[in-house]
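> Contents are compact mmCIF, C-alpha atoms and all ligand atoms; file name entry_28.txt:
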# COMPACT_ATOMS: atom_id res chain seq x y z
CA MET A 1 -22.46 -16.39 11.28
CA ASP A 2 -22.42 -19.49 9.11
CA ASN A 3 -21.03 -22.42 11.18
CA LYS A 4 -18.48 -23.28 8.49
CA TYR A 5 -17.17 -19.70 8.68
CA GLU A 6 -16.92 -20.07 12.43
CA ILE A 7 -14.88 -23.29 12.20
CA LEU A 8 -12.54 -21.56 9.75
CA ARG A 9 -12.13 -18.61 12.08
CA ILE A 10 -11.36 -20.82 15.11
CA LEU A 11 -8.80 -22.89 13.17
CA ARG A 12 -7.18 -19.76 11.75
CA GLU A 13 -6.85 -18.18 15.18
CA SER A 14 -5.31 -21.27 16.76
CA ASP A 15 -1.67 -22.29 16.25
CA ALA A 16 -2.25 -25.73 17.79
CA SER A 17 -4.80 -28.24 16.57
CA VAL A 18 -8.38 -27.95 17.79
CA SER A 19 -10.34 -31.08 18.64
CA GLY A 20 -13.66 -31.96 17.03
CA GLN A 21 -15.16 -32.00 20.53
CA GLU A 22 -13.99 -28.44 21.24
CA LEU A 23 -15.30 -27.19 17.89
CA SER A 24 -18.66 -28.85 18.47
CA GLU A 25 -18.95 -27.34 21.97
CA ARG A 26 -17.84 -23.85 20.99
CA ILE A 27 -20.20 -23.63 18.05
CA GLY A 28 -23.04 -25.71 19.50
CA ILE A 29 -23.28 -28.29 16.70
CA SER A 30 -22.76 -32.08 16.62
CA ARG A 31 -19.35 -33.64 15.93
CA THR A 32 -20.76 -35.12 12.74
CA ALA A 33 -21.74 -31.61 11.60
CA VAL A 34 -18.20 -30.42 12.41
CA TRP A 35 -16.76 -33.24 10.32
CA LYS A 36 -19.03 -32.39 7.38
CA HIS A 37 -18.00 -28.74 7.47
CA ILE A 38 -14.33 -29.75 7.58
CA ARG A 39 -14.82 -31.96 4.51
CA SER A 40 -16.58 -29.12 2.72
CA LEU A 41 -13.76 -26.68 3.55
CA GLU A 42 -11.25 -29.20 2.15
CA GLU A 43 -13.28 -29.37 -1.05
CA GLU A 44 -13.00 -25.59 -1.32
CA GLY A 45 -9.21 -25.89 -1.25
CA TYR A 46 -8.33 -25.41 2.42
CA GLY A 47 -5.55 -27.63 3.73
CA ILE A 48 -6.75 -29.13 7.00
CA GLU A 49 -4.54 -31.60 8.80
CA ALA A 50 -6.43 -34.12 10.88
CA VAL A 51 -4.09 -34.93 13.76
CA ASN A 52 -4.91 -38.27 15.38
CA ARG A 53 -6.98 -37.73 18.53
CA LYS A 54 -5.79 -34.14 18.82
CA GLY A 55 -8.09 -32.63 16.20
CA TYR A 56 -7.79 -30.31 13.21
CA ARG A 57 -5.17 -27.79 12.14
CA LEU A 58 -5.32 -25.30 9.27
CA VAL A 59 -2.21 -25.75 7.12
CA GLY A 60 -3.16 -24.03 3.86
CA VAL A 61 -5.63 -21.50 2.51
CA PRO A 62 -6.51 -21.05 -1.16
CA ASP A 63 -5.69 -17.61 -2.58
CA SER A 64 -9.34 -16.85 -2.74
CA ILE A 65 -11.13 -13.60 -2.17
CA ALA A 66 -14.52 -15.29 -2.04
CA ALA A 67 -16.96 -14.00 0.55
CA ARG A 68 -16.06 -16.72 3.06
CA GLU A 69 -12.31 -16.05 2.92
CA VAL A 70 -12.77 -12.33 3.51
CA GLY A 71 -15.78 -12.56 5.84
CA SER A 72 -14.16 -15.02 8.22
CA ARG A 73 -11.35 -12.52 8.82
CA LEU A 74 -13.57 -9.57 9.61
CA THR A 75 -14.42 -8.31 13.09
CA THR A 76 -16.11 -5.17 11.77
CA HIS A 77 -19.62 -4.19 12.84
CA ARG A 78 -20.61 -2.16 9.82
CA MET A 79 -18.27 -2.63 6.85
CA GLY A 80 -18.48 -5.87 4.88
CA ARG A 81 -21.24 -7.51 6.92
CA ASP A 82 -22.87 -8.37 3.57
CA ILE A 83 -20.35 -9.50 0.95
CA ARG A 84 -21.11 -10.20 -2.72
CA TYR A 85 -18.38 -12.06 -4.56
CA PHE A 86 -18.01 -12.53 -8.32
CA SER A 87 -15.32 -14.49 -10.12
CA ARG A 88 -15.92 -12.14 -13.07
CA ILE A 89 -17.97 -8.98 -13.46
CA ASP A 90 -18.05 -5.87 -15.67
CA SER A 91 -17.18 -3.46 -12.82
CA THR A 92 -17.75 -3.75 -9.07
CA ASN A 93 -18.70 -0.04 -9.03
CA GLN A 94 -21.35 -0.63 -11.69
CA TYR A 95 -22.79 -3.61 -9.85
CA ALA A 96 -22.68 -1.76 -6.51
CA LYS A 97 -24.65 1.12 -8.03
CA ARG A 98 -27.24 -1.31 -9.36
CA ILE A 99 -27.82 -3.00 -6.00
CA ALA A 100 -27.70 0.30 -4.12
CA GLU A 101 -30.69 1.30 -6.25
CA GLU A 102 -32.48 -2.02 -6.10
CA ASP A 103 -31.05 -5.29 -4.89
CA GLN A 104 -32.79 -7.94 -6.93
CA ASP A 105 -30.03 -10.44 -6.17
CA SER A 106 -30.87 -10.54 -2.45
CA GLY A 107 -34.26 -12.05 -3.15
CA LYS A 108 -35.77 -9.34 -0.96
CA GLY A 109 -35.92 -6.68 -3.64
CA GLU A 110 -34.65 -4.09 -1.15
CA ALA A 111 -31.75 -1.80 -1.89
CA ALA A 112 -28.35 -3.01 -0.62
CA ALA A 113 -27.52 -1.91 2.91
CA ASP A 114 -24.88 0.54 4.11
CA GLY A 115 -21.55 -1.30 4.40
CA THR A 116 -22.27 -3.88 1.65
CA LEU A 117 -19.02 -4.99 0.04
CA VAL A 118 -18.78 -6.16 -3.59
CA ILE A 119 -15.64 -8.10 -4.52
CA ALA A 120 -14.51 -9.45 -7.89
CA ASP A 121 -11.64 -11.61 -9.03
CA GLU A 122 -11.73 -10.12 -12.50
CA GLN A 123 -13.32 -7.02 -14.07
CA THR A 124 -14.01 -6.93 -17.78
CA ALA A 125 -14.81 -3.18 -17.80
CA GLY A 126 -13.00 -1.83 -14.71
CA LYS A 127 -13.34 1.95 -14.50
CA GLY A 128 -10.61 4.38 -13.54
CA ARG A 129 -10.91 8.10 -12.89
CA SER A 130 -11.56 10.52 -15.76
CA GLY A 131 -13.15 7.79 -17.89
CA ARG A 132 -9.95 5.73 -18.02
CA HIS A 133 -9.90 1.93 -18.08
CA TRP A 134 -8.67 0.04 -14.98
CA VAL A 135 -6.94 -3.32 -15.52
CA THR A 136 -8.08 -6.15 -13.25
CA PRO A 137 -6.62 -9.46 -14.43
CA PRO A 138 -8.13 -12.62 -12.86
CA LYS A 139 -6.65 -13.93 -9.60
CA GLU A 140 -3.93 -11.26 -9.42
CA ALA A 141 -5.62 -7.97 -8.71
CA ILE A 142 -7.85 -6.73 -5.94
CA ALA A 143 -11.06 -4.99 -6.97
CA PHE A 144 -13.77 -4.17 -4.49
CA THR A 145 -16.47 -1.57 -3.93
CA LEU A 146 -18.03 -0.51 -0.66
CA ILE A 147 -21.55 0.91 -0.55
CA LEU A 148 -22.21 3.62 2.04
CA ARG A 149 -25.26 5.68 2.86
CA PRO A 150 -23.68 8.63 4.66
CA GLN A 151 -25.67 11.34 6.39
CA LEU A 152 -23.46 13.98 4.81
CA ALA A 153 -23.83 16.90 2.44
CA PRO A 154 -22.69 16.01 -1.12
CA GLU A 155 -19.77 18.45 -0.95
CA LYS A 156 -18.25 16.45 1.93
CA ILE A 157 -18.10 13.14 0.03
CA SER A 158 -14.66 13.74 -1.48
CA MET A 159 -13.30 13.46 2.07
CA VAL A 160 -14.51 9.86 2.33
CA THR A 161 -12.21 8.99 -0.58
CA LEU A 162 -9.26 10.36 1.38
CA VAL A 163 -10.31 8.25 4.36
CA MET A 164 -10.27 5.16 2.12
CA GLY A 165 -6.86 6.12 0.69
CA LEU A 166 -5.44 6.40 4.19
CA SER A 167 -7.03 3.06 5.16
CA VAL A 168 -5.36 1.30 2.21
CA VAL A 169 -1.95 2.82 2.97
CA ASN A 170 -2.21 2.01 6.70
CA ALA A 171 -3.22 -1.59 5.94
CA ILE A 172 -0.30 -2.03 3.50
CA ARG A 173 2.21 -0.52 5.93
CA SER A 174 1.09 -2.60 8.88
CA LEU A 175 0.71 -5.94 7.03
CA TYR A 176 3.91 -5.80 5.00
CA GLY A 177 6.06 -3.10 6.57
CA LEU A 178 6.24 -1.50 3.10
CA ASP A 179 7.03 2.20 3.04
CA ALA A 180 3.86 3.14 1.14
CA GLY A 181 2.43 6.65 1.10
CA ILE A 182 -0.38 8.70 -0.40
CA LYS A 183 -0.20 10.86 -3.48
CA TRP A 184 -2.91 13.41 -2.76
CA PRO A 185 -5.79 12.92 -2.81
CA ASN A 186 -5.94 9.14 -2.59
CA ASP A 187 -3.48 7.11 -4.68
CA ALA A 188 -1.41 4.62 -2.68
CA VAL A 189 2.16 4.77 -3.90
CA ALA A 190 5.41 2.86 -3.28
CA ASN A 191 8.80 3.89 -4.64
CA GLY A 192 7.18 6.63 -6.71
CA ARG A 193 4.77 4.28 -8.48
CA LYS A 194 1.05 3.73 -8.09
CA LEU A 195 -0.17 0.67 -6.15
CA CYS A 196 -3.82 1.53 -5.76
CA GLY A 197 -6.49 3.79 -7.21
CA ILE A 198 -9.88 4.75 -5.81
CA LEU A 199 -12.99 5.80 -7.69
CA THR A 200 -15.89 7.16 -5.65
CA GLU A 201 -19.23 7.73 -7.31
CA MET A 202 -22.37 9.11 -5.72
CA SER A 203 -26.09 9.42 -6.18
CA ALA A 204 -27.34 12.65 -4.67
CA GLU A 205 -29.73 15.54 -4.93
CA ILE A 206 -29.09 19.10 -3.80
CA GLY A 207 -28.29 18.91 -0.10
CA ALA A 208 -28.66 15.13 0.33
CA VAL A 209 -26.69 12.02 -0.58
CA HIS A 210 -28.64 8.85 -1.42
CA TYR A 211 -25.62 6.56 -1.48
CA ILE A 212 -21.98 6.45 -2.51
CA VAL A 213 -19.88 3.62 -3.91
CA ILE A 214 -16.17 3.63 -3.17
CA GLY A 215 -14.28 1.45 -5.64
CA VAL A 216 -10.77 0.33 -4.73
CA GLY A 217 -8.32 -1.28 -7.14
CA ILE A 218 -5.08 -2.59 -5.64
CA ASN A 219 -2.28 -3.99 -7.76
CA ALA A 220 -1.69 -6.99 -5.52
CA ASN A 221 0.06 -9.81 -7.40
CA LEU A 222 0.32 -8.29 -10.88
CA THR A 223 3.65 -8.48 -12.65
CA TRP A 224 2.65 -7.01 -16.00
CA PHE A 225 1.12 -3.64 -16.90
CA PRO A 226 0.00 -2.17 -20.24
CA GLU A 227 2.63 -0.03 -21.96
CA GLU A 228 0.88 3.28 -21.21
CA ILE A 229 1.08 2.88 -17.41
CA ARG A 230 4.20 0.74 -17.10
CA SER A 231 6.43 3.58 -15.97
CA ILE A 232 4.07 4.79 -13.23
CA ALA A 233 2.52 1.55 -11.92
CA THR A 234 3.77 -1.09 -9.52
CA SER A 235 2.32 -3.96 -7.48
CA LEU A 236 2.76 -5.33 -3.99
CA LYS A 237 4.32 -8.45 -5.49
CA LEU A 238 6.89 -6.42 -7.41
CA GLU A 239 7.72 -4.35 -4.33
CA LEU A 240 7.85 -7.23 -1.83
CA GLY A 241 9.20 -9.98 -4.09
CA ARG A 242 6.44 -12.37 -3.05
CA ASP A 243 2.71 -12.95 -3.43
CA VAL A 244 0.35 -11.39 -0.94
CA ASN A 245 -2.81 -12.94 0.42
CA ARG A 246 -5.54 -10.83 -1.14
CA ALA A 247 -8.31 -11.74 1.31
CA GLU A 248 -6.11 -10.75 4.24
CA LEU A 249 -5.48 -7.35 2.67
CA ILE A 250 -9.13 -6.67 1.83
CA ALA A 251 -10.10 -7.54 5.42
CA ALA A 252 -7.35 -5.32 6.84
CA VAL A 253 -8.52 -2.38 4.68
CA MET A 254 -12.12 -2.88 5.89
CA GLU A 255 -11.04 -2.97 9.55
CA GLU A 256 -8.97 0.18 9.12
CA PHE A 257 -11.66 1.96 7.16
CA GLU A 258 -14.25 1.24 9.84
CA ARG A 259 -11.94 2.72 12.48
CA LEU A 260 -11.05 5.84 10.50
CA TYR A 261 -14.54 6.41 9.09
CA THR A 262 -15.99 6.39 12.61
CA MET A 263 -13.53 9.15 13.56
CA PHE A 264 -14.40 11.07 10.40
CA GLU A 265 -18.16 10.79 11.05
CA GLU A 266 -17.79 12.14 14.58
CA SER A 267 -16.54 15.51 13.38
CA GLY A 268 -17.84 15.49 9.78
CA SER A 269 -14.36 16.60 8.79
CA LEU A 270 -10.80 15.30 8.56
CA ARG A 271 -9.72 17.26 11.65
CA SER A 272 -8.89 14.18 13.72
CA LEU A 273 -7.25 12.34 10.78
CA LYS A 274 -5.31 15.22 9.25
CA GLU A 275 -2.12 14.57 11.17
CA GLU A 276 -2.13 10.84 10.39
CA TYR A 277 -2.84 11.59 6.72
CA ASN A 278 -0.14 14.24 6.41
CA ALA A 279 2.41 11.91 8.00
CA VAL A 280 2.12 9.57 4.99
CA CYS A 281 1.29 12.20 2.35
CA LEU A 282 4.13 12.03 -0.17
CA ASN A 283 3.41 15.49 -1.59
CA LYS A 284 3.92 17.21 1.75
CA ASP A 285 6.73 19.76 1.70
CA ARG A 286 7.49 18.92 -1.91
CA PRO A 287 7.09 20.98 -5.06
CA VAL A 288 3.87 20.36 -6.98
CA ARG A 289 2.32 21.56 -10.19
CA VAL A 290 -1.36 22.39 -9.83
CA LEU A 291 -3.28 21.66 -13.03
CA ASP A 292 -5.96 24.28 -12.49
CA PRO A 293 -8.25 24.75 -15.51
CA HIS A 294 -7.94 28.53 -14.90
CA GLY A 295 -4.16 28.36 -15.20
CA GLU A 296 -1.42 26.00 -14.03
CA TYR A 297 0.96 27.04 -11.27
CA THR A 298 3.61 25.52 -9.04
CA GLY A 299 4.18 25.71 -5.32
CA ILE A 300 5.20 23.72 -2.28
CA SER A 301 2.51 21.44 -0.88
CA ARG A 302 2.01 21.72 2.89
CA GLY A 303 -0.39 18.79 3.40
CA ILE A 304 -4.18 18.81 3.76
CA ASP A 305 -6.52 20.98 5.81
CA ASP A 306 -9.64 19.82 7.73
CA SER A 307 -11.65 19.53 4.51
CA GLY A 308 -9.06 17.44 2.65
CA ALA A 309 -7.97 20.31 0.39
CA LEU A 310 -4.24 20.39 -0.38
CA LEU A 311 -2.54 23.51 0.91
CA VAL A 312 -0.14 24.81 -1.70
CA GLU A 313 2.28 27.58 -0.79
CA ARG A 314 2.96 29.77 -3.79
CA GLU A 315 5.96 31.90 -4.48
CA GLY A 316 5.64 34.93 -2.23
CA GLY A 317 4.14 32.88 0.61
CA ALA A 318 0.39 32.97 -0.19
CA VAL A 319 -1.26 29.63 0.58
CA GLN A 320 -3.92 28.26 -1.77
CA ALA A 321 -6.35 25.50 -0.68
CA VAL A 322 -6.78 23.15 -3.65
CA SER A 323 -9.92 20.95 -3.72
CA SER A 324 -9.61 17.46 -5.13
CA GLY A 325 -12.77 17.58 -7.25
CA GLU A 326 -11.56 20.60 -9.20
CA VAL A 327 -7.91 20.17 -10.00
CA SER A 328 -5.20 17.58 -10.06
CA VAL A 329 -1.66 17.84 -8.87
CA ARG A 330 1.56 16.43 -10.30
CA GLY A 331 5.01 16.19 -8.88
CA ILE A 332 7.58 18.39 -10.52
CA TYR A 333 10.06 15.55 -11.00
CA GLY A 334 7.72 12.65 -11.74
CA TYR A 335 4.39 11.04 -10.94
CA VAL A 336 4.47 12.05 -7.23
C1 LIG A 401 -8.08 5.47 -10.59
O1 LIG A 401 -8.20 5.78 -11.80
O2 LIG A 401 -7.05 5.73 -9.97
C2 LIG A 401 -9.23 4.78 -9.88
C3 LIG A 401 -9.27 3.30 -10.15
C4 LIG A 401 -10.40 2.59 -9.42
C5 LIG A 401 -10.49 1.13 -9.80
C6 LIG A 401 -11.48 0.38 -8.95
S1 LIG A 401 -11.33 -1.37 -9.13
C7 LIG A 401 -12.79 -1.61 -8.23
C8 LIG A 401 -13.75 -0.53 -8.67
N1 LIG A 401 -14.49 -0.94 -9.83
C9 LIG A 401 -14.21 -0.19 -10.90
O3 LIG A 401 -14.70 -0.34 -12.04
N2 LIG A 401 -13.31 0.76 -10.57
C10 LIG A 401 -12.94 0.67 -9.17
What does the file become when written as structure tokens?


Amino acid sequence: MDNKYEILRILRESDASVSGQELSERIGISRTAVWKHIRSLEEEGYGIEAVNRKGYRLVGVPDSIAAREVGSRLTTHRMGRDIRYFSRIDSTNQYAKRIAEEDQDSGKGEAAADGTLVIADEQTAGKGRSGRHWVTPPKEAIAFTLILRPQLAPEKISMVTLVMGLSVVNAIRSLYGLDAGIKWPNDAVANGRKLCGILTEMSAEIGAVHYIVIGVGINANLTWFPEEIRSIATSLKLELGRDVNRAELIAAVMEEFERLYTMFEESGSLRSLKEEYNAVCLNKDRPVRVLDPHGEYTGISRGIDDSGALLVEREGGAVQAVSSGEVSVRGIYGYV
């Protein structure tokens, strides 16, 4: 890891100040090199208090989601080991697909590796599901895309999106104590309004997946939404009444995703995650309307099965397994 990253990590993990001597010994660089890295961090906007004789203390971090800010918080082994940050980009999914095919930006010309994370502060052509536009205003939203190269059959990929949805909800609940839940299959929701959307795209042939890109858009510090989504959208800032640190949240989602995805890979199904998912699934035991192209119907949702399909109990007691790729589900009384 970059030595500057390492200094940042040590300062962040320590409540007390850390001496230049200790930093130089722990990292194995000279005290002059430590001092230069500290100066460079200050130039990037970090507040570092130099306490006489005692050393350095981190007193402020910029609200940045640059690679260093996110990377220095990660302890993952697979997810986000390579981070590409852009202050502005068309769409992180579009860029991720380009480098998953051929990574000219790396200088090596190889395709981007499994676990590569693309982050942007602003998207000029953010994509939502069903061809919709996704708003990503600069400095307020979170937009990132994770590239994976799963050894899975194409029909199992929709389950990975549910794993990401659960990771986002778990990260939000544990960081902020907010009572967030999932609207099946993968929207993170608070107080009946959408906080996060996920768009997974894949490149595959019959029987084999080349790569997938999982794009995550979280309404972090937004306070304004376009008219057409105003009644169904919310943000963490609106729910919590304060700004959230976006880098901290991205890192927490990556940590959680690595944990849950490992469990998912072991069984190739959602068997071991089903209970955890259903515990936060807002549709569970509630009436839903299934928008099936062959005919709409209503029923009571009973949570997901091992494949991520939503089990809907119809009048008369028959249970229908609804797959996320085929149909969408609405609440009877509102968005959830
Ligand atoms: C939805 O419609 O609910 C899915 C929205 C997904 C938005 C994210 S933001 C990061 C990534 N890049 C995109 O262009 N879209 C996804």

> All residues within 10 Å of ligand LIG 401 (chain A) are required, counting all atoms listed in the file; please report them as a ChimeraX atom specification.

/A:89-96,118-120,122-136,141-146,186-188,194-201,213-219

> Would you mind telling me which residue in A:Met263, A:Ala16, A:Val168, A:Ala66 lies nearest to Ala220 of chain A when using only C-alpha atoms?

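Under the stated criterion, the closest residue is A:Val168.
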
> Identify which of the residues A:Glu255, A:Glu248, A:Asp15, A:Glu155 lies closest to Ser307 of chain A, counting all atoms listed in the file when measuring atom-to-atom distances.

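Smallest separation from Ser307 of chain A among the options: A:Glu155.
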
> Just the residues within 10 Å of His37 of chain A, please, counting all atoms listed in the file, with nothing from its chain fewer than 3 positions along; format it as an mmCIF file with C-alpha atoms, in the frame of the given file.


data_model
loop_
_atom_site.group_PDB
_atom_site.id
_atom_site.type_symbol
_atom_site.label_atom_id
_atom_site.label_comp_id
_atom_site.auth_asym_id
_atom_site.auth_seq_id
_atom_site.Cartn_x
_atom_site.Cartn_y
_atom_site.Cartn_z
ATOM 1 C CA ASN A 3 -21.030 -22.420 11.180
ATOM 2 C CA LYS A 4 -18.480 -23.280 8.490
ATOM 3 C CA TYR A 5 -17.170 -19.700 8.680
ATOM 4 C CA ILE A 7 -14.880 -23.290 12.200
ATOM 5 C CA LEU A 8 -12.540 -21.560 9.750
ATOM 6 C CA ARG A 31 -19.350 -33.640 15.930
ATOM 7 C CA THR A 32 -20.760 -35.120 12.740
ATOM 8 C CA ALA A 33 -21.740 -31.610 11.600
ATOM 9 C CA VAL A 34 -18.200 -30.420 12.410
ATOM 10 C CA SER A 40 -16.580 -29.120 2.720
ATOM 11 C CA LEU A 41 -13.760 -26.680 3.550
ATOM 12 C CA GLU A 42 -11.250 -29.200 2.150
ATOM 13 C CA GLU A 43 -13.280 -29.370 -1.050
#

> Could you tell me how far atom CA of Arg259 of chain A lies from atom CA of Asp82 of chain A, in Å and to one decimal?

17.9 Å

> What is the distance between atom CA of Leu291 of chain A and atom CA of Gly165 of chain A, in Å to one decimal?

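Atom-to-atom, atom CA of Leu291 of chain A and atom CA of Gly165 of chain A are spaced 21.0 Å apart.
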
> For atom CA of Lys284 of chain A and atom CA of Glu265 of chain A, quote the distance in Å rounded to one decimal.

24.8 Å

> Near Glu258 of chain A, within 9 Å and counting all atoms listed in the file, which residues show up once chain neighbours fewer than 6 positions away are dropped, as number ranges by chain?

A: 76-79, 167

> Nearest to Ile65 of chain A: which of A:Leu117, A:Val290, A:Ile229, A:Ala190 is it, counting all atoms listed in the file?

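Ranking A:Leu117, A:Val290, A:Ile229, A:Ala190 by distance to Ile65 of chain A, first place goes to A:Leu117.
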
> Which is closest to Gln151 of chain A among A:Leu238, A:Glu296, A:Leu270, A:Tyr211, if we use only C-alpha atoms?

A:Tyr211

> With distances taken over all atoms listed in the file, which residue among A:Ser17, A:Thr298, A:Ser328, A:Ser267 lies nearest Lys156 of chain A?

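The shortest atom-to-atom distance to Lys156 of chain A comes from A:Ser267.
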
> Give the answer as one residue: which of A:Ala204, A:Ala309, A:Ala252, A:Leu178 has the shortest atom-to-atom distance to Leu240 of chain A, using only C-alpha atoms?

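Of the candidates, the smallest distance to Leu240 of chain A is held by A:Leu178.
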
> Using all atoms listed in the file, which protein or nucleic acid residues come within 6 Å of Gly181 of chain A? Drop anything in the same chain fewer than 4 positions from it, and give the result as a ChimeraX atom specification.

/A:188-189,280-282

> Kindly compute an axis-aligned box around the listed atoms of segment 291-295 of chain A, allowing 6 Å on each side, and express its centre and edge lengths in Å to one decimal as AutoDock Vina command-line options.


--center_x -5.8 --center_y 25.1 --center_z -14.0 --size_x 17.0 --size_y 18.9 --size_z 15.0

> Where atoms are absent from segment 16-23 of chain A, fill them in so it carries all heavy atoms, then output it as a PDB file, in the frame of the given file.


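Contents of the output file out.pdb:
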ATOM      1  N   ALA A  16      -2.215 -24.284  17.540  1.00  0.00           N
ATOM      2  CA  ALA A  16      -2.250 -25.730  17.790  1.00  0.00           C
ATOM      3  C   ALA A  16      -3.496 -26.318  17.127  1.00  0.00           C
ATOM      4  O   ALA A  16      -4.331 -25.590  16.612  1.00  0.00           O
ATOM      5  CB  ALA A  16      -2.303 -25.968  19.289  1.00  0.00           C
ATOM      6  N   SER A  17      -3.593 -27.647  17.152  1.00  0.00           N
ATOM      7  CA  SER A  17      -4.800 -28.240  16.570  1.00  0.00           C
ATOM      8  C   SER A  17      -5.973 -28.094  17.539  1.00  0.00           C
ATOM      9  O   SER A  17      -5.788 -27.947  18.742  1.00  0.00           O
ATOM     10  CB  SER A  17      -4.538 -29.707  16.234  1.00  0.00           C
ATOM     11  OG  SER A  17      -4.134 -30.377  17.391  1.00  0.00           O
ATOM     12  N   VAL A  18      -7.162 -28.121  16.979  1.00  0.00           N
ATOM     13  CA  VAL A  18      -8.380 -27.950  17.790  1.00  0.00           C
ATOM     14  C   VAL A  18      -9.216 -29.215  17.624  1.00  0.00           C
ATOM     15  O   VAL A  18      -9.461 -29.660  16.494  1.00  0.00           O
ATOM     16  CB  VAL A  18      -9.212 -26.730  17.302  1.00  0.00           C
ATOM     17  CG1 VAL A  18     -10.404 -26.495  18.223  1.00  0.00           C
ATOM     18  CG2 VAL A  18      -8.348 -25.480  17.205  1.00  0.00           C
ATOM     19  N   SER A  19      -9.627 -29.803  18.738  1.00  0.00           N
ATOM     20  CA  SER A  19     -10.340 -31.080  18.640  1.00  0.00           C
ATOM     21  C   SER A  19     -11.758 -30.876  18.116  1.00  0.00           C
ATOM     22  O   SER A  19     -12.358 -29.807  18.268  1.00  0.00           O
ATOM     23  CB  SER A  19     -10.401 -31.754  20.015  1.00  0.00           C
ATOM     24  OG  SER A  19     -11.301 -31.043  20.838  1.00  0.00           O
ATOM     25  N   GLY A  20     -12.279 -31.978  17.527  1.00  0.00           N
ATOM     26  CA  GLY A  20     -13.660 -31.960  17.030  1.00  0.00           C
ATOM     27  C   GLY A  20     -14.622 -31.674  18.179  1.00  0.00           C
ATOM     28  O   GLY A  20     -15.611 -30.956  18.005  1.00  0.00           O
ATOM     29  N   GLN A  21     -14.313 -32.224  19.349  1.00  0.00           N
ATOM     30  CA  GLN A  21     -15.160 -32.000  20.530  1.00  0.00           C
ATOM     31  C   GLN A  21     -15.227 -30.515  20.871  1.00  0.00           C
ATOM     32  O   GLN A  21     -16.291 -29.950  21.093  1.00  0.00           O
ATOM     33  CB  GLN A  21     -14.551 -32.798  21.712  1.00  0.00           C
ATOM     34  CG  GLN A  21     -15.339 -32.719  23.001  1.00  0.00           C
ATOM     35  CD  GLN A  21     -16.715 -33.385  22.847  1.00  0.00           C
ATOM     36  OE1 GLN A  21     -16.848 -34.363  22.116  1.00  0.00           O
ATOM     37  NE2 GLN A  21     -17.735 -32.818  23.493  1.00  0.00           N
ATOM     38  N   GLU A  22     -14.035 -29.872  20.892  1.00  0.00           N
ATOM     39  CA  GLU A  22     -13.990 -28.440  21.240  1.00  0.00           C
ATOM     40  C   GLU A  22     -14.782 -27.616  20.216  1.00  0.00           C
ATOM     41  O   GLU A  22     -15.549 -26.731  20.574  1.00  0.00           O
ATOM     42  CB  GLU A  22     -12.544 -27.961  21.324  1.00  0.00           C
ATOM     43  CG  GLU A  22     -12.461 -26.498  21.771  1.00  0.00           C
ATOM     44  CD  GLU A  22     -11.042 -25.964  21.868  1.00  0.00           C
ATOM     45  OE1 GLU A  22     -10.091 -26.774  21.962  1.00  0.00           O
ATOM     46  OE2 GLU A  22     -10.891 -24.719  21.836  1.00  0.00           O
ATOM     47  N   LEU A  23     -14.575 -27.943  18.932  1.00  0.00           N
ATOM     48  CA  LEU A  23     -15.300 -27.190  17.890  1.00  0.00           C
ATOM     49  C   LEU A  23     -16.806 -27.376  18.061  1.00  0.00           C
ATOM     50  O   LEU A  23     -17.577 -26.423  17.981  1.00  0.00           O
ATOM     51  CB  LEU A  23     -14.876 -27.671  16.492  1.00  0.00           C
ATOM     52  CG  LEU A  23     -13.477 -27.267  16.044  1.00  0.00           C
ATOM     53  CD1 LEU A  23     -13.088 -28.017  14.763  1.00  0.00           C
ATOM     54  CD2 LEU A  23     -13.396 -25.754  15.778  1.00  0.00           C
TER      55      LEU A  23
END
